[in-house]
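A short worksheet on the structure shown next.
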Amino acid sequence: MNKTMLIDILYTVIGSIIVGISYNLFLLPGQIAAGGISGLSTILNKMMGTDPAMIQFLFNIPIFIIGWFTLGKSFSLKTVIATFVVPFTIFLTSSLVEKGTTDALLASLYGGIVLGIGLGLVYRGNGSTGGTATLAQIVKKYTGLSSGFCQLIVDAFVVILSAFVFNFELALYALISIYVTSKVIDIVQLHAGDNKLVFIITTKEQEIIKLIHEHVERGVTSVNAFGGYNREGKSLLFSVMEQKEAIYFKQIITREEPDSFVIFINTSEIIGRGFSKAKIYRSK
């Protein structure tokens, strides 16, 4: 077993534990059927008093078989781990249900956040907690949509059912939880931070590059461009900066080159020197 596989398994185990805790601490006591097998187990617990851990385990078996053939053995190996870890965590932490919040709004928001963190870690490990999370990964494979959006589509069906078992208001709270979960999943998967992609449109290319190199010490890329109206030659510069660097650069360029057109855009995960690798500082 190589290092990458071990890291993926670690992500899967930690994420699965967080998923189990989010269920007992927020979703079940708040009666939030936030999609998936966990949502179904919440509904069945209300209707029939069934054990949520056992329901989740039993439902995951046929879905696991589907995932084995469609997503591959490596994916299914990690799904096996999660299939056991999530129900086992729910079983071990069942005492948290009495201590959890029964406020629907708090349960939906915090349950969605914690669940999203757990699922996001599992997805970073290229795994699945089983259930409709596996179905979401299958949808992602054949549609190319993000994991969070696929989870949103699949879980919507469970929410519709919860409206009949609980009430319409709790179903609306469940939708909030699912939306929050889908966004947190994408943030965790992309490892999104506060970095900024800075675009500068200018006729003073060398002056701007000098400002970036000397004051921010970031790399910059130049592309030749033309104004759409008068076809005047310009330079399109772009550079990636940390948020504090971008704030400082905004102050510098506003003072030194106020005629430049500057755009700051939020970025997701960045791979490369200065972000995923150590930054090399220029000697002065």
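Letters for chains follow the order of the structure tokens (A, B, ...), residue numbers begin at 1 for each chain, and ligand numbers begin at 1 in the order shown.
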
Quick one: which range 149-169 of chain A residues come within 8 Å of range 40-57 of chain A, and what is the nearest atom pair for each with the distance in Å to one decimal, counting only C-alpha atoms, rows ordered by chain and ascending number, as JSON lines?
{"residue": "A:Val158", "atom": "CA", "partner": "A:Leu40", "partner_atom": "CA", "distance": 6.7}
{"residue": "A:Ser162", "atom": "CA", "partner": "A:Ile43", "partner_atom": "CA", "distance": 6.5}
{"residue": "A:Val165", "atom": "CA", "partner": "A:Ile43", "partner_atom": "CA", "distance": 6.8}
{"residue": "A:Phe166", "atom": "CA", "partner": "A:Ile43", "partner_atom": "CA", "distance": 7.9}

Can you list, as JSON, numbers by chain, all residues belonging to range 24-75 of chain A that DSSP tags as helix (DSSP H, G or I)?
{"A": [24, 25, 26, 27, 36, 37, 38, 39, 40, 41, 42, 43, 44, 45, 46, 47, 48, 52, 53, 54, 55, 56, 57, 58, 59, 60, 61, 62, 63, 64, 65, 66, 67, 68, 69, 70, 71, 73, 74, 75]}

Counting only C-alpha atoms, the residue among A:Val139, A:Ile61, A:Ile90, A:Ile66 that lies closest to Ile21 in chain A is A:Ile90

Taking only C-alpha atoms into account, name the residue in A:Thr70, A:Gln189, A:Ser94, A:Ser38 that is nearest to Thr129 in chain A.
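Selected residue with least distance to Thr129 in chain A: A:Ser38.
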
Using DSSP secondary structure from the backbone, list all strand (DSSP E or B) positions within range 25-264 of chain A, as a list in words.
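Selection result, strand (DSSP E or B) within range 25-264 of chain A: Lys196, Leu197, Val198, Phe199, Ile200, Ile201, Thr202, Thr221, Ser222, Val223, Asn224, Ala225, Phe226, Gly233, Lys234, Ser235, Leu236, Leu237, Phe238, Ser239, Val240, Met241, Phe261, Val262, Ile263 and Phe264 of chain A.
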
Would you mind exporting the chosen residues as a PDB file, in the first residue's frame, restricted to C-alpha atoms?
ATOM      1  CA  LYS A 196      -6.632  36.657  -4.790  1.00  0.00           C
ATOM      2  CA  LEU A 197      -6.107  36.528  -8.537  1.00  0.00           C
ATOM      3  CA  VAL A 198      -5.195  40.059  -9.588  1.00  0.00           C
ATOM      4  CA  PHE A 199      -5.725  41.269 -13.168  1.00  0.00           C
ATOM      5  CA  ILE A 200      -4.184  44.577 -14.244  1.00  0.00           C
ATOM      6  CA  ILE A 201      -4.905  46.219 -17.608  1.00  0.00           C
ATOM      7  CA  THR A 202      -2.322  48.931 -18.228  1.00  0.00           C
ATOM      8  CA  THR A 221       2.536  37.070 -16.221  1.00  0.00           C
ATOM      9  CA  SER A 222       2.088  39.506 -19.122  1.00  0.00           C
ATOM     10  CA  VAL A 223      -0.217  39.072 -22.116  1.00  0.00           C
ATOM     11  CA  ASN A 224      -0.464  41.481 -25.035  1.00  0.00           C
ATOM     12  CA  ALA A 225      -3.962  42.923 -25.429  1.00  0.00           C
ATOM     13  CA  PHE A 226      -5.878  45.573 -27.373  1.00  0.00           C
ATOM     14  CA  GLY A 233      -2.182  48.345 -27.432  1.00  0.00           C
ATOM     15  CA  LYS A 234      -2.230  47.419 -23.736  1.00  0.00           C
ATOM     16  CA  SER A 235      -0.781  44.794 -21.424  1.00  0.00           C
ATOM     17  CA  LEU A 236      -2.855  42.328 -19.403  1.00  0.00           C
ATOM     18  CA  LEU A 237      -0.923  41.372 -16.266  1.00  0.00           C
ATOM     19  CA  PHE A 238      -2.053  38.772 -13.784  1.00  0.00           C
ATOM     20  CA  SER A 239      -0.610  37.634 -10.487  1.00  0.00           C
ATOM     21  CA  VAL A 240      -1.780  35.519  -7.534  1.00  0.00           C
ATOM     22  CA  MET A 241      -1.390  37.009  -4.056  1.00  0.00           C
ATOM     23  CA  PHE A 261      -7.627  49.014 -14.413  1.00  0.00           C
ATOM     24  CA  VAL A 262      -7.339  46.394 -11.621  1.00  0.00           C
ATOM     25  CA  ILE A 263      -9.586  43.414 -10.831  1.00  0.00           C
ATOM     26  CA  PHE A 264      -9.341  41.262  -7.679  1.00  0.00           C
TER      27      PHE A 264
END

Straight-line distance linking CA of Leu105 in chain A with CA of Val19 in chain A, stated in Å to one decimal
18.6 Å

Please provide as JSON, numbers by chain all residues within 7 Å of Phe26 in chain A, with the sequence filter that same-chain residues fewer than 6 positions apart are discarded (counting only C-alpha atoms).
{"A": [100, 101, 107, 111]}

Output file for the residues above (all heavy atoms, as an mmCIF file, in the first residue's frame):
data_model
loop_
_atom_site.group_PDB
_atom_site.id
_atom_site.type_symbol
_atom_site.label_atom_id
_atom_site.label_comp_id
_atom_site.auth_asym_id
_atom_site.auth_seq_id
_atom_site.Cartn_x
_atom_site.Cartn_y
_atom_site.Cartn_z
ATOM 1 N N GLY A 100 -27.484 17.213 22.074
ATOM 2 C CA GLY A 100 -27.508 17.983 20.842
ATOM 3 C C GLY A 100 -28.606 19.033 20.831
ATOM 4 O O GLY A 100 -29.507 19.039 21.680
ATOM 5 N N THR A 101 -28.544 19.918 19.851
ATOM 6 C CA THR A 101 -29.516 21.004 19.755
ATOM 7 C C THR A 101 -30.810 20.541 19.092
ATOM 8 O O THR A 101 -30.785 19.781 18.126
ATOM 9 C CB THR A 101 -28.941 22.196 18.962
ATOM 10 O OG1 THR A 101 -29.926 23.219 18.858
ATOM 11 C CG2 THR A 101 -28.518 21.786 17.552
ATOM 12 N N ALA A 107 -29.547 23.469 14.153
ATOM 13 C CA ALA A 107 -29.233 22.110 13.701
ATOM 14 C C ALA A 107 -28.943 22.074 12.210
ATOM 15 O O ALA A 107 -28.020 21.388 11.759
ATOM 16 C CB ALA A 107 -30.386 21.166 14.042
ATOM 17 N N GLY A 111 -25.192 21.618 11.586
ATOM 18 C CA GLY A 111 -25.159 20.259 11.062
ATOM 19 C C GLY A 111 -24.654 20.235 9.632
ATOM 20 O O GLY A 111 -23.859 19.378 9.253
#

Determine, counting only C-alpha atoms, which protein, DNA and RNA residues have an atom within 8 Å of an atom of Gly35 in chain A; residues of the same chain fewer than 2 positions away are not included. Present the result as a VMD selection string.
chain A and resid 33 37 to 40 154 to 159 174 178

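Here the question is which of A:Thr93, A:Thr254, A:Ser177, A:Thr12 gets nearest to Leu211 in chain A using only C-alpha atoms, and that residue is A:Thr254.
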
Tell me, as a list in words, which residues lie within 10 Å of Thr102 in chain A, counting only C-alpha atoms; anything in the same chain fewer than 2 positions away does not count.
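In the requested format, the answer is Leu25, Phe26, Leu27, Leu28, Pro29, Gly30, Gln31, Ile32, Val97, Glu98, Lys99, Gly100, Ala104, Leu105, Leu106 and Ala107 of chain A.
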
Residues of the last selection are to be written out with all heavy atoms, as an mmCIF file, in the first residue's frame.
data_model
loop_
_atom_site.group_PDB
_atom_site.id
_atom_site.type_symbol
_atom_site.label_atom_id
_atom_site.label_comp_id
_atom_site.auth_asym_id
_atom_site.auth_seq_id
_atom_site.Cartn_x
_atom_site.Cartn_y
_atom_site.Cartn_z
ATOM 1 N N LEU A 25 -25.148 14.881 16.900
ATOM 2 C CA LEU A 25 -25.092 16.134 17.640
ATOM 3 C C LEU A 25 -26.051 17.191 17.098
ATOM 4 O O LEU A 25 -26.543 18.038 17.848
ATOM 5 C CB LEU A 25 -23.657 16.674 17.625
ATOM 6 C CG LEU A 25 -23.307 17.773 18.639
ATOM 7 C CD1 LEU A 25 -23.557 17.290 20.067
ATOM 8 C CD2 LEU A 25 -21.860 18.195 18.473
ATOM 9 N N PHE A 26 -26.338 17.115 15.791
ATOM 10 C CA PHE A 26 -27.165 18.160 15.179
ATOM 11 C C PHE A 26 -28.393 17.627 14.428
ATOM 12 O O PHE A 26 -29.522 18.028 14.699
ATOM 13 C CB PHE A 26 -26.321 19.008 14.217
ATOM 14 C CG PHE A 26 -25.175 19.714 14.883
ATOM 15 C CD1 PHE A 26 -23.872 19.288 14.682
ATOM 16 C CD2 PHE A 26 -25.392 20.802 15.717
ATOM 17 C CE1 PHE A 26 -22.810 19.933 15.297
ATOM 18 C CE2 PHE A 26 -24.343 21.466 16.328
ATOM 19 C CZ PHE A 26 -23.042 21.026 16.119
ATOM 20 N N LEU A 27 -28.169 16.732 13.470
ATOM 21 C CA LEU A 27 -29.234 16.364 12.546
ATOM 22 C C LEU A 27 -30.355 15.544 13.191
ATOM 23 O O LEU A 27 -31.535 15.852 13.001
ATOM 24 C CB LEU A 27 -28.637 15.603 11.346
ATOM 25 C CG LEU A 27 -27.563 16.364 10.555
ATOM 26 C CD1 LEU A 27 -27.039 15.513 9.408
ATOM 27 C CD2 LEU A 27 -28.120 17.687 10.025
ATOM 28 N N LEU A 28 -29.983 14.509 13.947
ATOM 29 C CA LEU A 28 -31.019 13.668 14.559
ATOM 30 C C LEU A 28 -31.801 14.402 15.642
ATOM 31 O O LEU A 28 -33.042 14.396 15.606
ATOM 32 C CB LEU A 28 -30.398 12.380 15.109
ATOM 33 C CG LEU A 28 -31.401 11.375 15.706
ATOM 34 C CD1 LEU A 28 -32.424 10.949 14.653
ATOM 35 C CD2 LEU A 28 -30.672 10.153 16.258
ATOM 36 N N PRO A 29 -31.165 15.059 16.620
ATOM 37 C CA PRO A 29 -31.961 15.769 17.635
ATOM 38 C C PRO A 29 -32.776 16.928 17.062
ATOM 39 O O PRO A 29 -33.835 17.261 17.590
ATOM 40 C CB PRO A 29 -30.900 16.276 18.628
ATOM 41 C CG PRO A 29 -29.618 16.264 17.881
ATOM 42 C CD PRO A 29 -29.715 15.121 16.912
ATOM 43 N N GLY A 30 -32.305 17.531 15.962
ATOM 44 C CA GLY A 30 -33.043 18.623 15.343
ATOM 45 C C GLY A 30 -34.073 18.160 14.339
ATOM 46 O O GLY A 30 -34.784 18.982 13.748
ATOM 47 N N GLN A 31 -34.155 16.818 14.121
ATOM 48 C CA GLN A 31 -35.068 16.214 13.146
ATOM 49 C C GLN A 31 -34.874 16.811 11.752
ATOM 50 O O GLN A 31 -35.829 17.105 11.036
ATOM 51 C CB GLN A 31 -36.531 16.369 13.599
ATOM 52 C CG GLN A 31 -36.856 15.602 14.859
ATOM 53 C CD GLN A 31 -38.328 15.615 15.207
ATOM 54 O OE1 GLN A 31 -39.049 16.565 14.910
ATOM 55 N NE2 GLN A 31 -38.798 14.536 15.839
ATOM 56 N N ILE A 32 -33.605 16.953 11.381
ATOM 57 C CA ILE A 32 -33.249 17.478 10.070
ATOM 58 C C ILE A 32 -32.862 16.310 9.169
ATOM 59 O O ILE A 32 -31.804 15.704 9.339
ATOM 60 C CB ILE A 32 -32.077 18.487 10.161
ATOM 61 C CG1 ILE A 32 -32.423 19.621 11.120
ATOM 62 C CG2 ILE A 32 -31.732 19.023 8.781
ATOM 63 C CD1 ILE A 32 -33.612 20.451 10.713
ATOM 64 N N VAL A 97 -26.942 12.588 21.307
ATOM 65 C CA VAL A 97 -28.272 12.990 20.845
ATOM 66 C C VAL A 97 -28.996 13.789 21.925
ATOM 67 O O VAL A 97 -29.638 14.806 21.639
ATOM 68 C CB VAL A 97 -29.108 11.748 20.448
ATOM 69 C CG1 VAL A 97 -30.522 12.169 20.056
ATOM 70 C CG2 VAL A 97 -28.438 11.010 19.307
ATOM 71 N N GLU A 98 -28.884 13.341 23.186
ATOM 72 C CA GLU A 98 -29.550 14.035 24.286
ATOM 73 C C GLU A 98 -28.929 15.409 24.538
ATOM 74 O O GLU A 98 -29.581 16.312 25.051
ATOM 75 C CB GLU A 98 -29.476 13.193 25.555
ATOM 76 C CG GLU A 98 -30.213 11.865 25.447
ATOM 77 C CD GLU A 98 -30.095 11.046 26.718
ATOM 78 O OE1 GLU A 98 -29.373 11.498 27.645
ATOM 79 O OE2 GLU A 98 -30.711 9.968 26.789
ATOM 80 N N LYS A 99 -27.643 15.575 24.178
ATOM 81 C CA LYS A 99 -26.949 16.844 24.410
ATOM 82 C C LYS A 99 -27.001 17.756 23.189
ATOM 83 O O LYS A 99 -26.591 18.913 23.259
ATOM 84 C CB LYS A 99 -25.486 16.571 24.772
ATOM 85 C CG LYS A 99 -25.306 15.713 26.018
ATOM 86 C CD LYS A 99 -23.847 15.405 26.283
ATOM 87 C CE LYS A 99 -23.683 14.511 27.508
ATOM 88 N NZ LYS A 99 -22.263 14.182 27.764
ATOM 89 N N GLY A 100 -27.484 17.213 22.074
ATOM 90 C CA GLY A 100 -27.508 17.983 20.842
ATOM 91 C C GLY A 100 -28.606 19.033 20.831
ATOM 92 O O GLY A 100 -29.507 19.039 21.680
ATOM 93 N N ALA A 104 -34.193 23.893 15.202
ATOM 94 C CA ALA A 104 -34.090 23.481 13.802
ATOM 95 C C ALA A 104 -33.100 24.330 13.011
ATOM 96 O O ALA A 104 -32.353 23.817 12.173
ATOM 97 C CB ALA A 104 -35.472 23.522 13.137
ATOM 98 N N LEU A 105 -33.091 25.635 13.280
ATOM 99 C CA LEU A 105 -32.186 26.520 12.539
ATOM 100 C C LEU A 105 -30.732 26.233 12.876
ATOM 101 O O LEU A 105 -29.891 26.095 11.975
ATOM 102 C CB LEU A 105 -32.517 27.982 12.838
ATOM 103 C CG LEU A 105 -31.629 29.021 12.130
ATOM 104 C CD1 LEU A 105 -31.732 28.865 10.616
ATOM 105 C CD2 LEU A 105 -32.025 30.435 12.544
ATOM 106 N N LEU A 106 -30.437 26.124 14.169
ATOM 107 C CA LEU A 106 -29.068 25.816 14.578
ATOM 108 C C LEU A 106 -28.642 24.448 14.073
ATOM 109 O O LEU A 106 -27.505 24.260 13.608
ATOM 110 C CB LEU A 106 -28.949 25.876 16.103
ATOM 111 C CG LEU A 106 -29.097 27.247 16.764
ATOM 112 C CD1 LEU A 106 -29.036 27.126 18.276
ATOM 113 C CD2 LEU A 106 -28.013 28.189 16.254
ATOM 114 N N ALA A 107 -29.547 23.469 14.153
ATOM 115 C CA ALA A 107 -29.233 22.110 13.701
ATOM 116 C C ALA A 107 -28.943 22.074 12.210
ATOM 117 O O ALA A 107 -28.020 21.388 11.759
ATOM 118 C CB ALA A 107 -30.386 21.166 14.042
#

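Comparing the minimum interatomic distances between Val188 in chain A and each of A:Val220, A:Ile117, A:Ile138, A:Val86, counting only C-alpha atoms, we find that A:Ile117 sits nearest.
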
Skip Tyr173 in chain A itself and residues of its chain fewer than 3 positions away, then list as a PyMOL selection string all residues within 6 Å of it, counting only C-alpha atoms.
chain A and resi 108+170+176
